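*Asks:* Sharing a structure with you now.
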Amino acid sequence: MQKITPCLWFDTEGEEAAEFYVSIFPDSKILEVSRYGDAGPGTAGSAMTVSFELAGSRFVALNGGPAFTFNEAVSFQVDCADQQEVDYFWEGLSKGGEEGQCGWLKDQFGVSWQIVPAAVPALLADPDRGRSQRAMQAMLGMGKLDVAAMERAADAG
């Protein structure tokens with residue numbers, strides 16, 4: 001049993017968002033949808049909450065109305081084994097959204113994601129300060145992270 005479950009507040013598109021995320025992440029599924037009844041406050045029959053699982057982690061989408069919106073203060077980091085995985089998640093999650101800097105993006109629902117290749121933390125923590133700084137400088141000029149380009153920059157000293 002997962003101890004902490006993120007709850008994402010949407011206006012009305014929680015079910016659509018959950019279906020979108022489940023279509024991108026392998027080993028993911030919608031677990032349960034509860035719907036508003038005649039008592040409201042949402043439209044009767046529309047999704048109130050959607051429980052779903054992404055790659056083994058549970059989430060809840062709540063259609064709570066327009067009172068709150070997403071911002072970059074909270075993001076979800078997707079750890080990627082290689083560039084192929086980075087490309088896959090970047091393409092899928094950024095579709096209809098907004099590409100950011102340094103591996104960050106906002107999806108079409110405004111949720112922020114960080115698409116991080118496994119090699120990046122090691123590059124940035126390299127004990128050779130010059131190497132790590134060159135990798136960082138390269139990363140600062142990127143949207144989607146390109147591991148090979150970061151490695152070339154790091155080695156260009």
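Chain labels follow the order of the structure tokens: the first chain is A, the next B, and so on; residue numbering restarts at 1 in every chain, and ligands are counted from 1 in their shown order.
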Name the residues in contact with range 69-78 of chain A at a cut-off of 8 Å, using only C-alpha atoms, excluding same-chain residues fewer than 5 positions from it; report them as an MDAnalysis selection string.

*Replies:* chainID A and resid 9:10 110:116

*Asks:* Would you mind listing what lies within 9 Å of Ser46 in chain A as a short mmCIF file (atom, residue, chain, number, x, y, z; two decimals) with N, CA and C atoms, in the first residue's frame, with only C-alpha atoms counted and same-chain residues fewer than 5 positions away left out?

*Replies:*
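The resulting file, around.cif, is reproduced below:
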data_model
loop_
_atom_site.label_atom_id
_atom_site.label_comp_id
_atom_site.auth_asym_id
_atom_site.auth_seq_id
_atom_site.Cartn_x
_atom_site.Cartn_y
_atom_site.Cartn_z
N THR A 12 -12.28 20.58 -14.73
CA THR A 12 -13.26 19.55 -15.14
C THR A 12 -12.60 18.40 -15.91
N GLU A 15 -10.62 13.31 -15.59
CA GLU A 15 -10.74 11.99 -16.23
C GLU A 15 -9.96 11.96 -17.54
N SER A 34 -15.21 8.00 -9.54
CA SER A 34 -16.45 8.31 -8.82
C SER A 34 -17.05 9.54 -9.49
N ARG A 35 -18.35 9.53 -9.60
CA ARG A 35 -19.05 10.58 -10.36
C ARG A 35 -19.94 11.41 -9.45
N TYR A 36 -20.11 12.66 -9.83
CA TYR A 36 -21.01 13.54 -9.11
C TYR A 36 -22.44 13.07 -9.31
N GLY A 37 -23.25 13.21 -8.27
CA GLY A 37 -24.67 12.90 -8.35
C GLY A 37 -25.48 14.18 -8.45
N ASN A 63 -11.80 16.68 -9.89
CA ASN A 63 -12.42 17.78 -10.62
C ASN A 63 -13.09 18.69 -9.59
#

*Asks:* Name the residues in contact with Val22 in chain A at a cut-off of 12 Å, using only C-alpha atoms, excluding same-chain residues fewer than 2 positions from it; report them as a list in words.

*Replies:*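 In the requested format, the answer is Glu15, Glu16, Ala17, Ala18, Glu19, Phe20, Ile24, Phe25, Pro26, Asp27, Ser28, Lys29, Ile30, Leu31, Val50, Ser51, Phe52, Glu53, Leu54, Ala55, Gly56, Ser57, Arg58, Phe59, Gly92 and Leu93 of chain A.
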
*Asks:* Okay, now the selection with C-alpha atoms, as a PDB file, in the first residue's frame?

*Replies:*
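This is the output file result-v1.pdb:
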ATOM      1  CA  GLU A  15     -10.743  11.987 -16.228  1.00  0.00           C
ATOM      2  CA  GLU A  16      -9.313  13.118 -19.584  1.00  0.00           C
ATOM      3  CA  ALA A  17      -5.935  13.824 -17.930  1.00  0.00           C
ATOM      4  CA  ALA A  18      -5.832  10.426 -16.202  1.00  0.00           C
ATOM      5  CA  GLU A  19      -6.614   8.686 -19.498  1.00  0.00           C
ATOM      6  CA  PHE A  20      -3.860  10.713 -21.202  1.00  0.00           C
ATOM      7  CA  ILE A  24       1.805   7.307 -22.041  1.00  0.00           C
ATOM      8  CA  PHE A  25       3.232   5.427 -19.053  1.00  0.00           C
ATOM      9  CA  PRO A  26       3.687   1.654 -19.381  1.00  0.00           C
ATOM     10  CA  ASP A  27       2.119  -0.514 -16.672  1.00  0.00           C
ATOM     11  CA  SER A  28      -0.532   2.088 -15.891  1.00  0.00           C
ATOM     12  CA  LYS A  29      -4.292   1.960 -15.467  1.00  0.00           C
ATOM     13  CA  ILE A  30      -7.420   3.724 -14.306  1.00  0.00           C
ATOM     14  CA  LEU A  31      -8.413   2.187 -10.971  1.00  0.00           C
ATOM     15  CA  VAL A  50     -10.351   9.433 -10.777  1.00  0.00           C
ATOM     16  CA  SER A  51      -7.917   7.056  -9.086  1.00  0.00           C
ATOM     17  CA  PHE A  52      -5.177   5.885 -11.415  1.00  0.00           C
ATOM     18  CA  GLU A  53      -1.778   4.271 -11.369  1.00  0.00           C
ATOM     19  CA  LEU A  54       1.267   5.392 -13.349  1.00  0.00           C
ATOM     20  CA  ALA A  55       4.169   2.933 -13.481  1.00  0.00           C
ATOM     21  CA  GLY A  56       3.286   1.595 -10.035  1.00  0.00           C
ATOM     22  CA  SER A  57       2.501   4.928  -8.322  1.00  0.00           C
ATOM     23  CA  ARG A  58      -1.046   5.889  -7.378  1.00  0.00           C
ATOM     24  CA  PHE A  59      -2.549   9.294  -8.125  1.00  0.00           C
ATOM     25  CA  GLY A  92       4.163  12.173 -25.279  1.00  0.00           C
ATOM     26  CA  LEU A  93       3.853  14.551 -22.350  1.00  0.00           C
TER      27      LEU A  93
END

*Asks:* What are the DSSP strand (DSSP E or B) residues of range 32-116 of chain A, as a ChimeraX atom specification?

*Replies:* /A:32-35,47-54,57-63,75-80,98-99,104-106,112-116

*Asks:* What parts of chain A does DSSP call alpha helix (DSSP H)? I'd like the answer as a ChimeraX atom specification.

*Replies:* /A:14-24,83-94,119-124,129-140,147-155

*Asks:* Now that the selection is made, can you save its residues with C-alpha atoms as a short mmCIF file (atom, residue, chain, number, x, y, z; two decimals), in the first residue's frame?

*Replies:*
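To be explicit, this is the file written out as again.cif:
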data_model
loop_
_atom_site.label_atom_id
_atom_site.label_comp_id
_atom_site.auth_asym_id
_atom_site.auth_seq_id
_atom_site.Cartn_x
_atom_site.Cartn_y
_atom_site.Cartn_z
CA GLY A 14 -9.41 15.07 -14.46
CA GLU A 15 -10.74 11.99 -16.23
CA GLU A 16 -9.31 13.12 -19.58
CA ALA A 17 -5.93 13.82 -17.93
CA ALA A 18 -5.83 10.43 -16.20
CA GLU A 19 -6.61 8.69 -19.50
CA PHE A 20 -3.86 10.71 -21.20
CA TYR A 21 -1.25 9.82 -18.57
CA VAL A 22 -2.22 6.14 -18.58
CA SER A 23 -1.80 6.08 -22.37
CA ILE A 24 1.81 7.31 -22.04
CA GLN A 83 17.91 9.03 -24.58
CA GLN A 84 15.27 6.85 -26.24
CA GLU A 85 13.17 6.95 -23.08
CA VAL A 86 13.74 10.71 -22.75
CA ASP A 87 12.52 11.20 -26.33
CA TYR A 88 9.46 9.00 -25.74
CA PHE A 89 8.26 10.77 -22.59
CA TRP A 90 9.15 14.24 -23.90
CA GLU A 91 7.13 13.71 -27.08
CA GLY A 92 4.16 12.17 -25.28
CA LEU A 93 3.85 14.55 -22.35
CA SER A 94 4.63 17.76 -24.25
CA ALA A 119 23.34 10.12 -16.86
CA VAL A 120 22.56 13.74 -15.93
CA PRO A 121 22.94 13.62 -12.12
CA ALA A 122 26.36 11.96 -12.51
CA LEU A 123 27.47 14.55 -15.06
CA LEU A 124 26.41 17.43 -12.83
CA ARG A 129 34.43 20.85 -11.41
CA GLY A 130 35.23 22.07 -14.92
CA ARG A 131 33.59 19.01 -16.46
CA SER A 132 30.44 19.39 -14.34
CA GLN A 133 30.22 23.11 -15.10
CA ARG A 134 30.51 22.53 -18.85
CA ALA A 135 27.73 19.93 -18.63
CA MET A 136 25.59 22.40 -16.64
CA GLN A 137 26.20 25.18 -19.16
CA ALA A 138 25.14 22.86 -21.98
CA MET A 139 22.02 21.82 -20.08
CA LEU A 140 20.99 25.44 -19.47
CA VAL A 147 22.78 13.31 -23.01
CA ALA A 148 25.27 12.97 -25.88
CA ALA A 149 25.48 16.76 -26.31
CA MET A 150 25.95 17.23 -22.55
CA GLU A 151 28.72 14.60 -22.52
CA ARG A 152 30.45 16.26 -25.51
CA ALA A 153 30.30 19.62 -23.73
CA ALA A 154 31.62 18.12 -20.49
CA ASP A 155 34.55 16.52 -22.32
#

*Asks:* Could you tell me how far CA of Pro41 in chain A lies from CA of Asp107 in chain A, in Å and to one decimal?

*Replies:*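 Computed distance, CA of Pro41 in chain A to CA of Asp107 in chain A, equals 26.8 Å.
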
*Asks:* Determine, counting only C-alpha atoms, which protein, DNA and RNA residues have an atom within 7 Å of an atom of Leu8 in chain A; residues of the same chain fewer than 6 positions away are not included. Present the result as a CSV table (one decimal) with N, CA and C atoms, in the first residue's frame.

*Replies:*
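New file selection_28.csv:
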chain,number,residue,atom,x,y,z
A,60,VAL,N,-4.5,10.6,-7.7
A,60,VAL,CA,-6.0,10.9,-7.7
A,60,VAL,C,-6.1,12.2,-8.5
A,61,ALA,N,-7.1,12.2,-9.4
A,61,ALA,CA,-7.4,13.5,-10.1
A,61,ALA,C,-8.8,13.9,-9.5
A,62,LEU,N,-8.9,15.1,-9.1
A,62,LEU,CA,-10.1,15.7,-8.5
A,62,LEU,C,-10.6,16.8,-9.4

*Asks:* Taking only C-alpha atoms into account, which of A:Met1, A:Asp11, A:Met48, A:Gly103 comes nearest Lys144 in chain A?

*Replies:*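 The shortest atom-to-atom distance to Lys144 in chain A comes from A:Gly103.
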
*Asks:* Can you tell me how far CA of Lys95 in chain A sits from CA of Gln108 in chain A, in Å to one decimal?

*Replies:*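 CA of Lys95 in chain A sits 6.8 Å away from CA of Gln108 in chain A.
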
*Asks:* Using Å and a single decimal, report how far CA of Met142 in chain A sits from CA of Cys102 in chain A.

*Replies:*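 Here the two named atoms are 5.5 Å from each other.
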